[in-house]
Structures are given as structure tokens and as C-alpha cells.
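Trainee: Data: coords02.cif, mmCIF, C-alpha atoms.
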data_start
#
loop_
_atom_site.group_PDB
_atom_site.id
_atom_site.type_symbol
_atom_site.label_atom_id
_atom_site.label_comp_id
_atom_site.auth_asym_id
_atom_site.auth_seq_id
_atom_site.Cartn_x
_atom_site.Cartn_y
_atom_site.Cartn_z
ATOM 1 C CA MET A 1 139.360 106.169 103.246
ATOM 2 C CA SER A 2 141.895 107.121 105.942
ATOM 3 C CA SER A 3 141.398 109.845 108.533
ATOM 4 C CA ASP A 4 144.387 111.808 107.176
ATOM 5 C CA ASP A 5 142.806 112.134 103.731
ATOM 6 C CA PRO A 6 141.066 115.556 103.920
ATOM 7 C CA VAL A 7 139.968 115.512 100.289
ATOM 8 C CA GLY A 8 138.284 112.143 100.666
ATOM 9 C CA LEU A 9 136.703 113.232 103.937
ATOM 10 C CA ASP A 10 135.335 116.408 102.378
ATOM 11 C CA GLU A 11 133.837 114.431 99.502
ATOM 12 C CA ALA A 12 132.243 111.960 101.908
ATOM 13 C CA LEU A 13 130.734 114.731 104.028
ATOM 14 C CA ASP A 14 129.457 116.492 100.931
ATOM 15 C CA SER A 15 127.833 113.258 99.744
ATOM 16 C CA MET A 16 126.095 112.751 103.063
ATOM 17 C CA GLU A 17 124.842 116.347 103.095
ATOM 18 C CA ARG A 18 123.332 115.868 99.640
ATOM 19 C CA ALA A 19 121.761 112.583 100.696
ATOM 20 C CA LEU A 20 120.237 114.108 103.822
ATOM 21 C CA ASP A 21 118.888 117.008 101.797
ATOM 22 C CA LEU A 22 117.168 114.590 99.417
ATOM 23 C CA LEU A 23 115.706 112.616 102.300
ATOM 24 C CA CYS A 24 114.370 115.743 103.981
ATOM 25 C CA ARG A 25 112.732 116.905 100.762
ATOM 26 C CA GLY A 26 111.194 113.475 100.390
ATOM 27 C CA ASN A 27 109.014 114.030 103.444
ATOM 28 C CA GLU A 28 106.556 115.980 101.270
ATOM 29 C CA ARG A 29 105.547 113.786 98.330
ATOM 30 C CA LEU A 30 103.115 114.214 95.495
ATOM 31 C CA GLU A 31 100.674 111.374 94.826
ATOM 32 C CA THR A 32 101.463 111.493 91.097
ATOM 33 C CA PRO A 33 105.191 111.673 90.331
ATOM 34 C CA ARG A 34 106.561 114.263 87.954
ATOM 35 C CA HIS A 35 109.123 111.807 86.567
ATOM 36 C CA THR A 36 109.965 108.152 87.148
ATOM 37 C CA TYR A 37 113.567 107.082 86.554
ATOM 38 C CA ALA A 38 114.768 103.480 86.312
ATOM 39 C CA ILE A 39 118.385 103.043 87.455
ATOM 40 C CA GLY A 40 120.778 100.157 86.837
ATOM 41 C CA ASP A 41 122.669 98.112 89.423
ATOM 42 C CA VAL A 42 124.117 100.305 92.210
ATOM 43 C CA GLN A 43 126.315 97.683 93.940
ATOM 44 C CA GLY A 44 127.440 99.926 96.748
ATOM 45 C CA CYS A 45 128.503 102.897 94.596
ATOM 46 C CA PHE A 46 126.664 105.431 96.724
ATOM 47 C CA ASP A 47 128.589 108.588 95.788
ATOM 48 C CA ASP A 48 128.221 107.795 92.094
ATOM 49 C CA LEU A 49 124.487 107.359 92.610
ATOM 50 C CA LEU A 50 124.264 110.797 94.206
ATOM 51 C CA ARG A 51 126.089 112.326 91.240
ATOM 52 C CA LEU A 52 123.594 110.688 88.888
ATOM 53 C CA LEU A 53 120.693 111.979 90.985
ATOM 54 C CA ASP A 54 122.197 115.470 90.777
ATOM 55 C CA LYS A 55 122.354 115.158 87.003
ATOM 56 C CA ILE A 56 118.688 114.231 86.642
ATOM 57 C CA GLU A 57 117.721 116.816 89.284
ATOM 58 C CA PHE A 58 115.922 114.182 91.290
ATOM 59 C CA ASP A 59 113.451 115.530 93.830
ATOM 60 C CA PRO A 60 111.947 112.828 96.085
ATOM 61 C CA ALA A 61 108.947 115.069 96.728
ATOM 62 C CA GLU A 62 108.059 114.947 93.025
ATOM 63 C CA ASP A 63 109.931 112.053 91.388
ATOM 64 C CA ARG A 64 110.194 108.275 91.785
ATOM 65 C CA LEU A 65 113.187 105.965 91.422
ATOM 66 C CA TRP A 66 113.106 102.357 90.250
ATOM 67 C CA PHE A 67 116.223 100.286 91.036
ATOM 68 C CA THR A 68 116.962 97.088 89.088
ATOM 69 C CA GLY A 69 118.358 95.357 92.188
ATOM 70 C CA ASP A 70 121.864 94.577 93.425
ATOM 71 C CA LEU A 71 121.971 97.590 95.678
ATOM 72 C CA VAL A 72 124.932 96.078 97.524
ATOM 73 C CA ASN A 73 128.392 94.509 97.153
ATOM 74 C CA LYS A 74 131.439 95.291 94.980
ATOM 75 C CA GLY A 75 131.379 99.062 95.611
ATOM 76 C CA PRO A 76 132.658 100.616 98.853
ATOM 77 C CA ASN A 77 129.473 102.001 100.381
ATOM 78 C CA SER A 78 126.798 99.318 100.523
ATOM 79 C CA LEU A 79 125.653 100.260 104.022
ATOM 80 C CA ASN A 80 124.760 103.837 103.155
ATOM 81 C CA ILE A 81 122.987 102.908 99.923
ATOM 82 C CA LEU A 82 120.723 100.527 101.851
ATOM 83 C CA ARG A 83 119.965 103.197 104.438
ATOM 84 C CA PHE A 84 119.372 105.800 101.741
ATOM 85 C CA VAL A 85 116.971 103.784 99.594
ATOM 86 C CA LYS A 86 115.099 102.522 102.656
ATOM 87 C CA ARG A 87 114.593 106.072 103.937
ATOM 88 C CA LEU A 88 113.324 107.244 100.556
ATOM 89 C CA GLY A 89 110.181 105.254 101.332
ATOM 90 C CA ASP A 90 107.568 105.407 98.587
ATOM 91 C CA SER A 91 109.849 107.600 96.470
ATOM 92 C CA ALA A 92 111.871 104.495 95.563
ATOM 93 C CA ILE A 93 111.164 100.941 94.445
ATOM 94 C CA THR A 94 113.805 98.245 94.235
ATOM 95 C CA VAL A 95 113.629 94.614 93.176
ATOM 96 C CA LEU A 96 115.888 91.944 94.625
ATOM 97 C CA GLY A 97 119.066 90.985 92.787
ATOM 98 C CA ASN A 98 121.535 88.138 93.255
ATOM 99 C CA HIS A 99 123.900 90.267 95.364
ATOM 100 C CA ASP A 100 121.036 91.313 97.629
ATOM 101 C CA LEU A 101 120.127 87.658 98.154
ATOM 102 C CA TYR A 102 123.790 86.848 98.770
ATOM 103 C CA LEU A 103 123.798 89.428 101.571
ATOM 104 C CA LEU A 104 120.705 87.837 103.115
ATOM 105 C CA ALA A 105 122.278 84.388 102.802
ATOM 106 C CA ALA A 106 125.508 85.565 104.440
ATOM 107 C CA ALA A 107 123.559 87.185 107.271
ATOM 108 C CA ALA A 108 121.632 83.932 107.795
ATOM 109 C CA GLY A 109 124.862 81.891 107.870
ATOM 110 C CA ALA A 110 123.914 80.038 104.688
ATOM 111 C CA VAL A 111 127.093 81.203 102.898
ATOM 112 C CA LYS A 112 130.388 82.625 104.092
ATOM 113 C CA ASP A 113 131.216 86.061 102.727
ATOM 114 C CA LYS A 114 134.519 86.419 100.900
ATOM 115 C CA LYS A 115 137.355 88.893 101.387
ATOM 116 C CA SER A 116 136.433 90.478 98.074
ATOM 117 C CA ASP A 117 132.881 91.213 99.269
ATOM 118 C CA THR A 118 131.969 94.619 100.648
ATOM 119 C CA ILE A 119 129.045 93.643 102.870
ATOM 120 C CA ALA A 120 130.876 93.314 106.200
ATOM 121 C CA CYS A 121 129.890 96.876 107.111
ATOM 122 C CA ILE A 122 126.218 95.904 106.840
ATOM 123 C CA LEU A 123 126.633 92.712 108.859
ATOM 124 C CA ALA A 124 128.322 94.711 111.637
ATOM 125 C CA ALA A 125 125.961 97.703 111.589
ATOM 126 C CA HIS A 126 123.846 98.621 114.608
ATOM 127 C CA ASP A 127 120.763 98.744 112.355
ATOM 128 C CA ARG A 128 121.631 95.488 110.600
ATOM 129 C CA GLU A 129 118.406 93.646 111.484
ATOM 130 C CA GLU A 130 116.212 96.575 110.464
ATOM 131 C CA LEU A 131 117.962 96.849 107.094
ATOM 132 C CA LEU A 132 117.908 93.106 106.423
ATOM 133 C CA PHE A 133 114.230 92.878 107.337
ATOM 134 C CA TRP A 134 113.451 95.726 104.931
ATOM 135 C CA LEU A 135 115.542 94.153 102.158
ATOM 136 C CA ARG A 136 113.900 90.756 102.630
ATOM 137 C CA HIS A 137 110.511 92.371 102.052
ATOM 138 C CA GLN A 138 111.353 93.902 98.680
ATOM 139 C CA PRO A 139 109.744 92.381 95.556
ATOM 140 C CA LEU A 140 111.323 90.232 92.874
ATOM 141 C CA MET A 141 109.303 91.968 90.160
ATOM 142 C CA HIS A 142 107.572 95.314 89.861
ATOM 143 C CA HIS A 143 104.904 96.116 87.273
ATOM 144 C CA ASP A 144 103.165 99.439 86.686
ATOM 145 C CA ASP A 145 99.957 99.248 84.657
ATOM 146 C CA VAL A 146 99.822 103.016 84.117
ATOM 147 C CA LEU A 147 103.389 103.405 82.892
ATOM 148 C CA GLY A 148 103.331 100.054 81.111
ATOM 149 C CA TYR A 149 106.735 98.797 82.301
ATOM 150 C CA THR A 150 107.837 95.710 84.218
ATOM 151 C CA MET A 151 111.116 95.601 86.150
ATOM 152 C CA VAL A 152 113.142 92.555 87.207
ATOM 153 C CA HIS A 153 116.789 92.117 88.061
ATOM 154 C CA ALA A 154 117.810 89.448 85.537
ATOM 155 C CA GLY A 155 115.067 88.225 83.210
ATOM 156 C CA LEU A 156 111.984 86.120 82.561
ATOM 157 C CA PRO A 157 111.852 82.618 81.062
ATOM 158 C CA PRO A 158 110.012 82.361 77.743
ATOM 159 C CA GLN A 159 107.141 80.317 79.226
ATOM 160 C CA TRP A 160 105.975 83.090 81.572
ATOM 161 C CA ASP A 161 103.647 85.922 80.628
ATOM 162 C CA LEU A 162 102.902 88.810 82.990
ATOM 163 C CA VAL A 163 100.266 86.887 84.954
ATOM 164 C CA ALA A 164 102.495 83.840 85.453
ATOM 165 C CA ALA A 165 105.579 85.919 86.312
ATOM 166 C CA SER A 166 103.626 87.919 88.891
ATOM 167 C CA ALA A 167 102.261 84.755 90.499
ATOM 168 C CA HIS A 168 105.668 83.072 90.695
ATOM 169 C CA ALA A 169 107.296 86.208 92.098
ATOM 170 C CA ARG A 170 104.684 86.228 94.873
ATOM 171 C CA GLU A 171 105.402 82.550 95.631
ATOM 172 C CA LEU A 172 109.017 83.291 96.358
ATOM 173 C CA GLU A 173 108.368 86.591 98.117
ATOM 174 C CA THR A 174 105.993 84.836 100.511
ATOM 175 C CA VAL A 175 108.733 82.426 101.565
ATOM 176 C CA LEU A 176 111.387 85.144 101.898
ATOM 177 C CA GLN A 177 109.129 87.306 104.025
ATOM 178 C CA ASN A 178 108.154 84.631 106.548
ATOM 179 C CA ALA A 179 109.760 82.416 109.162
ATOM 180 C CA GLY A 180 111.949 79.632 107.800
ATOM 181 C CA TYR A 181 113.332 81.657 104.895
ATOM 182 C CA GLU A 182 116.864 80.614 105.907
ATOM 183 C CA GLU A 183 116.291 77.131 104.493
ATOM 184 C CA LEU A 184 115.601 78.644 101.079
ATOM 185 C CA LEU A 185 118.719 80.830 101.193
ATOM 186 C CA GLY A 186 120.814 77.768 101.989
ATOM 187 C CA ALA A 187 119.558 75.985 98.872
ATOM 188 C CA LEU A 188 120.025 78.779 96.346
ATOM 189 C CA TYR A 189 123.352 78.028 94.775
ATOM 190 C CA GLU A 190 122.491 75.167 92.432
ATOM 191 C CA GLU A 191 121.682 75.269 88.715
ATOM 192 C CA LYS A 192 119.066 72.509 88.707
ATOM 193 C CA PRO A 193 116.273 72.372 87.829
ATOM 194 C CA ASP A 194 117.053 74.344 84.692
ATOM 195 C CA ARG A 195 113.671 74.091 82.973
ATOM 196 C CA TRP A 196 110.229 75.230 84.098
ATOM 197 C CA ASN A 197 107.542 72.694 84.835
ATOM 198 C CA GLU A 198 104.298 73.455 86.643
ATOM 199 C CA ASP A 199 104.749 70.211 88.561
ATOM 200 C CA LEU A 200 107.936 71.430 90.255
ATOM 201 C CA GLU A 201 107.588 71.496 94.028
ATOM 202 C CA GLY A 202 109.368 72.672 97.155
ATOM 203 C CA LEU A 203 112.891 74.051 97.054
ATOM 204 C CA ALA A 204 113.409 72.931 93.452
ATOM 205 C CA ARG A 205 110.487 75.069 92.311
ATOM 206 C CA LEU A 206 111.585 78.063 94.376
ATOM 207 C CA ARG A 207 115.178 77.742 93.197
ATOM 208 C CA PHE A 208 114.135 77.840 89.546
ATOM 209 C CA ILE A 209 111.998 80.907 90.167
ATOM 210 C CA MET A 210 114.880 82.574 92.019
ATOM 211 C CA ASN A 211 117.368 81.792 89.254
ATOM 212 C CA CYS A 212 115.076 83.328 86.646
ATOM 213 C CA PHE A 213 114.493 86.581 88.477
ATOM 214 C CA THR A 214 118.031 87.090 89.774
ATOM 215 C CA GLN A 215 120.566 85.017 87.781
ATOM 216 C CA MET A 216 119.523 84.180 84.230
ATOM 217 C CA ARG A 217 121.110 85.655 81.128
ATOM 218 C CA TYR A 218 120.930 82.818 78.616
ATOM 219 C CA CYS A 219 118.441 80.056 77.900
ATOM 220 C CA ASP A 220 117.553 77.881 74.903
ATOM 221 C CA ARG A 221 114.418 77.863 72.743
ATOM 222 C CA GLU A 222 112.650 75.584 75.192
ATOM 223 C CA GLY A 223 113.460 77.843 78.141
ATOM 224 C CA ARG A 224 116.217 75.676 79.614
ATOM 225 C CA LEU A 225 118.436 77.985 81.671
ATOM 226 C CA ASP A 226 122.142 78.214 80.879
ATOM 227 C CA LEU A 227 123.461 79.861 84.019
ATOM 228 C CA SER A 228 127.058 78.848 83.308
ATOM 229 C CA CYS A 229 126.799 80.135 79.704
ATOM 230 C CA GLN A 230 128.331 76.880 78.422
ATOM 231 C CA ARG A 231 125.755 76.163 75.705
ATOM 232 C CA ARG A 232 126.122 79.364 73.707
ATOM 233 C CA THR A 233 127.993 77.468 70.993
ATOM 234 C CA ALA A 234 125.916 74.286 71.113
ATOM 235 C CA VAL A 235 124.105 73.106 68.000
ATOM 236 C CA LYS A 236 120.511 73.751 66.979
ATOM 237 C CA LYS A 237 117.892 73.497 69.745
ATOM 238 C CA LYS A 238 120.450 73.082 72.521
ATOM 239 C CA ARG A 239 122.145 76.403 71.746
ATOM 240 C CA SER A 240 121.429 79.071 74.332
ATOM 241 C CA MET A 241 120.758 82.716 73.539
ATOM 242 C CA PRO A 242 119.942 85.869 75.515
ATOM 243 C CA TRP A 243 116.623 85.212 77.239
ATOM 244 C CA PHE A 244 114.952 88.138 75.455
ATOM 245 C CA GLN A 245 115.853 86.774 72.002
ATOM 246 C CA VAL A 246 113.990 83.469 72.370
ATOM 247 C CA PRO A 247 111.418 83.306 69.519
ATOM 248 C CA MET A 248 107.753 83.451 70.511
ATOM 249 C CA ARG A 249 108.431 84.012 74.203
ATOM 250 C CA ALA A 250 105.222 84.563 76.158
ATOM 251 C CA ASN A 251 106.443 87.919 77.484
ATOM 252 C CA LYS A 252 107.486 89.417 74.129
ATOM 253 C CA ASP A 253 104.791 92.109 74.298
ATOM 254 C CA MET A 254 105.937 93.351 77.702
ATOM 255 C CA LYS A 255 108.280 96.308 78.220
ATOM 256 C CA ILE A 256 110.904 94.835 80.554
ATOM 257 C CA ILE A 257 113.543 96.823 82.436
ATOM 258 C CA PHE A 258 116.425 94.788 83.863
ATOM 259 C CA GLY A 259 120.003 94.944 85.140
ATOM 260 C CA HIS A 260 122.485 92.155 85.985
ATOM 261 C CA TRP A 261 124.295 92.158 82.622
ATOM 262 C CA ALA A 262 126.990 94.814 82.519
ATOM 263 C CA SER A 263 128.803 93.178 79.594
ATOM 264 C CA LEU A 264 125.716 93.184 77.381
ATOM 265 C CA ASP A 265 126.283 95.291 74.263
ATOM 266 C CA LYS A 266 123.215 97.525 74.296
ATOM 267 C CA LYS A 267 123.756 98.625 70.688
ATOM 268 C CA LYS A 268 123.493 95.010 69.524
ATOM 269 C CA THR A 269 120.453 94.095 71.594
ATOM 270 C CA LYS A 270 118.080 94.810 68.675
ATOM 271 C CA THR A 271 115.051 93.599 70.615
ATOM 272 C CA THR A 272 112.156 95.963 71.155
ATOM 273 C CA GLY A 273 110.636 96.205 74.593
ATOM 274 C CA VAL A 274 113.757 95.344 76.614
ATOM 275 C CA TYR A 275 115.769 97.938 78.508
ATOM 276 C CA PRO A 276 119.101 96.727 79.975
ATOM 277 C CA LEU A 277 120.363 99.361 82.433
ATOM 278 C CA ASP A 278 123.393 97.793 84.124
ATOM 279 C CA THR A 279 126.293 99.685 82.571
ATOM 280 C CA GLY A 280 129.009 98.451 84.930
ATOM 281 C CA CYS A 281 129.446 101.248 87.451
ATOM 282 C CA SER A 282 131.146 99.013 90.002
ATOM 283 C CA ASN A 283 133.568 97.839 87.295
ATOM 284 C CA GLY A 284 134.621 101.359 86.380
ATOM 285 C CA GLY A 285 131.930 101.905 83.766
ATOM 286 C CA LYS A 286 128.938 104.227 83.841
ATOM 287 C CA PHE A 287 125.828 104.720 85.918
ATOM 288 C CA THR A 288 122.667 104.878 83.806
ATOM 289 C CA ALA A 289 119.117 106.059 84.438
ATOM 290 C CA MET A 290 116.180 105.970 82.026
ATOM 291 C CA ARG A 291 113.294 108.410 82.333
ATOM 292 C CA LEU A 292 110.218 106.315 81.698
ATOM 293 C CA GLY A 293 108.097 109.088 80.237
ATOM 294 C CA ASP A 294 110.244 109.516 77.121
ATOM 295 C CA GLU A 295 112.873 106.735 77.560
ATOM 296 C CA ARG A 296 115.655 109.295 77.593
ATOM 297 C CA LEU A 297 118.920 107.959 79.014
ATOM 298 C CA PHE A 298 121.130 109.822 81.487
ATOM 299 C CA SER A 299 124.567 108.602 82.505
ATOM 300 C CA THR A 300 127.591 109.565 84.549
ATOM 301 C CA ARG A 301 131.070 108.100 84.496
ATOM 302 C CA CYS A 302 131.802 106.234 87.737
ATOM 303 C CA ARG A 303 134.716 107.514 89.785
ATOM 304 C CA ILE A 304 134.762 105.347 92.903
ATOM 305 C CA GLU A 305 137.311 102.535 92.986
ATOM 306 C CA SER A 306 135.470 99.259 92.718
ATOM 307 C CA HIS A 307 136.023 96.059 94.662
ATOM 308 C CA PRO A 308 135.880 92.795 92.716
ATOM 309 C CA GLY A 309 133.283 90.299 93.840
ATOM 310 C CA LEU A 310 130.580 88.031 92.471
ATOM 311 C CA GLY A 311 129.550 88.299 88.833
#
Written as C-alpha cells, how would this file's structure read?

Mentor:
Amino acid sequence: MSSDDPVGLDEALDSMERALDLLCRGNERLETPRHTYAIGDVQGCFDDLLRLLDKIEFDPAEDRLWFTGDLVNKGPNSLNILRFVKRLGDSAITVLGNHDLYLLAAAAGAVKDKKSDTIACILAAHDREELLFWLRHQPLMHHDDVLGYTMVHAGLPPQWDLVAASAHARELETVLQNAGYEELLGALYEEKPDRWNEDLEGLARLRFIMNCFTQMRYCDREGRLDLSCQRRTAVKKKRSMPWFQVPMRANKDMKIIFGHWASLDKKKTKTTGVYPLDTGCSNGGKFTAMRLGDERLFSTRCRIESHPGLG
């Protein structure tokens, strides 16, 4: 946005005023939320998020937000979305997505950010270390016993039930939240191992866990990940399918909220207990929220120009 664009400037100032108003109201919170809303991938589309929050009449003093991860990258305002969600405190919960981990890896020097990325503003920010520390301490999975929902960014392999998934999420979170996490971030971008085994150790074990929570879309009947989506037309047992369609998966009785898959045709999902909420805002699609009490969907058409980046 240029300084001689008064319309754009007015919209930006209006967005910040609305955000500050929400943050101020969030200082007084109820112990039991009035409503809890799960929201799909934000990816830096801060103004669009504020429009969605206006639509659902979000009040941080009474309501809670669940974010499916990928707060950053692609959209033009990743810095302010990080600041906003962080300052919401207990009024918001976010899980880590692949773009969030990419930001941490870029900040650690494990990867080099691309021209198409929109994270440079975060890496140059005066509060960079505070934001990155906060992001690094967010969970990979969130489960609420009272509401009965589990939230991850990408998916769960068919071998893991709730107990196993929770334990493996904690394994990885422990490494991310302690000294030496940079070594893990430098070893993320490999597809092997692609199948779970309790005997996996070290970086191989952590990489598989990371790929499940933040990258997976397809796997085969035996839980072998297909991150490149190349086995969708393979024959018989080697053919991959959406992770939530694997027969007899151990987590089939869970109610799982996830993002990461903007191209997924929600009308053809036909699987009970799964709630895909990434509706492609950063690609010019919609922003979607689901109210957990009655599973009602709310959406707004995204208006901010997107920036292409990672998938």
C-alpha cells in the first residue's frame, strides 16, 4: 500500500481501530465462553479476518477462537495477525501449521525465504524474538474434552487414537520449545520416513510426527504418507486416499477440525466427524468459521490481494 493511496490508508486505519477495540474488550474475560469458533487458515489475511470477526460478532470477553494454524505467509499482513492473536491471550488458541514452521525455520537460518513469501516483515520487526518465541510455544494439537473436538492443522495417521496423538504432539512440542530446536527445523523438509513405527528414533521420528500434524493430506490403508500425492492412482493397497477416509482408522470416533487443504471439496467429503475449514482465503476464496456449539458455518468472501507462496 503506497502513502498516496488514501482509500487504502483509511481501510488500514479502520482495521487497526477494530483490532484494538477487540483487544481492549478482551481484558475482561468470562471463565466459560459464550461461543467458541474454529477458523480456517489465516495466512496473513488480517483485514479479512477482522471482517469475519465482525460477522460473527466476536467478543473476546465472552467468546473463544480456535485457529487451524498457518497464521502467516501468502497474505500481506502476517506481522499484524501474529501480534493480534498473541495479544488475544486465552481468548484464542492456535495450532502450528506448515507455514508457521517455515517461518521459524527461516528465522533460524534453516531455510532461505523466497521472494514470494510474505514473512520478511516479521523477520525485520522490533518484536520479532517475542513473536517467534510465542509461536514456537503453540501446540500441534488441541483437544477439548467438554466440547468434544480435536483440532490439528493437517491430519492424523490411521494408527493414532487420541491418546497416541496427544503423546506424539507433546514429544515434538517439547523439542520445539527448548534449546536446540534449530536442528529439528533444519531436518524438516524430507518425506521419509513415510510410515509410523514405534521404534522410530531421533529426527526421523520427529519428522514423521511433524509431517502428520502439519503436511499430510493423503496416505494409504497402512498409513504410509503420500506427501507428494503421487500414489492417488496406484493399484490396490498402494493407492493413497484422504487420511480421513482410511477404513478402520484408530481416530474414526474423534471429531477432528483441520485446515491445510483449500482445494478439498467439502461437499464430497462424506465422512462424519471431520471438519475441513481451509476455504482458500489467501487464494481469493472465502474465510470460514464454525461455531462449535451448533456447527453452524459463517463465511466471508476474501478481498485482499493474495501473494503466491508455499502450498

Trainee: I need the output of the PyMOL selection byres ((chain A and resi 159-174) around 7) for this file as a list in words; which residues are they?

Mentor: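 That expression, the PyMOL selection byres ((chain A and resi 159-174) around 7), corresponds here to Pro139, Leu140, Met141, Leu156, Pro157, Pro158, Val175, Leu176, Gln177, Asn178, Leu206, Ile209, Gly223, Arg249, Ala250 and Asn251 of chain A.
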
Trainee: Report, in Å to a single decimal, how far apart CA of Lys114 in chain A and CA of Arg217 in chain A are.

Mentor: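 Separation between CA of Arg217 in chain A and CA of Lys114 in chain A: 23.9 Å.
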
Trainee: Which residues of range 12-112 of chain A come within 9 Å of range 264-279 of chain A, and what is each one's closest atom pair and distance in Å (one decimal), counting all atoms listed in the file, sorted by chain and residue number, as a tab-separated table?

Mentor:
residue	atom	partner	partner_atom	distance
A:Ala38	CA	A:Leu277	CA	8.0
A:Ile39	CA	A:Leu277	CA	6.5
A:Gly40	CA	A:Asp278	CA	4.4
A:Asp41	CA	A:Asp278	CA	5.4
A:Val42	CA	A:Asp278	CA	8.5
A:Thr68	CA	A:Leu277	CA	7.8

Trainee: Starting from the PyMOL selection byres ((chain A and resi 105) around 12), expand the selection into actual residues of this file and give them as a count of residues only.

Mentor: 30

Trainee: Spell out the residues picked by the PyMOL selection byres ((chain A and resi 83-87) around 9) here, as number ranges by chain.

Mentor: A: 19-20, 23, 26, 46, 71, 78-82, 88-94, 131, 134-135

Trainee: Have a look at CA of Glu190 in chain A and CA of Arg231 in chain A and let me know their distance in Å, one decimal.

Mentor: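 Interatomic distance here is 17.1 Å.
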
Trainee: What is the CA of His142 in chain A to CA of Cys302 in chain A distance in Å?

Mentor: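 Interatomic distance, CA of His142 in chain A to CA of Cys302 in chain A: 26.7 Å.
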
Trainee: Just checking: using all atoms listed in the file, which residue out of A:Val146, A:Ile56, A:Leu65, A:Leu50 ends up closest to Phe298 in chain A?

Mentor: A:Ile56

Trainee: Centre and edge lengths of an axis-aligned box around all listed atoms of range 123-127 of chain A, with 6 Å added on each side, are to be given in Å to one decimal, as AutoDock Vina command-line options.

Mentor:
--center_x 124.5 --center_y 95.7 --center_z 111.7 --size_x 19.6 --size_y 18.0 --size_z 17.7
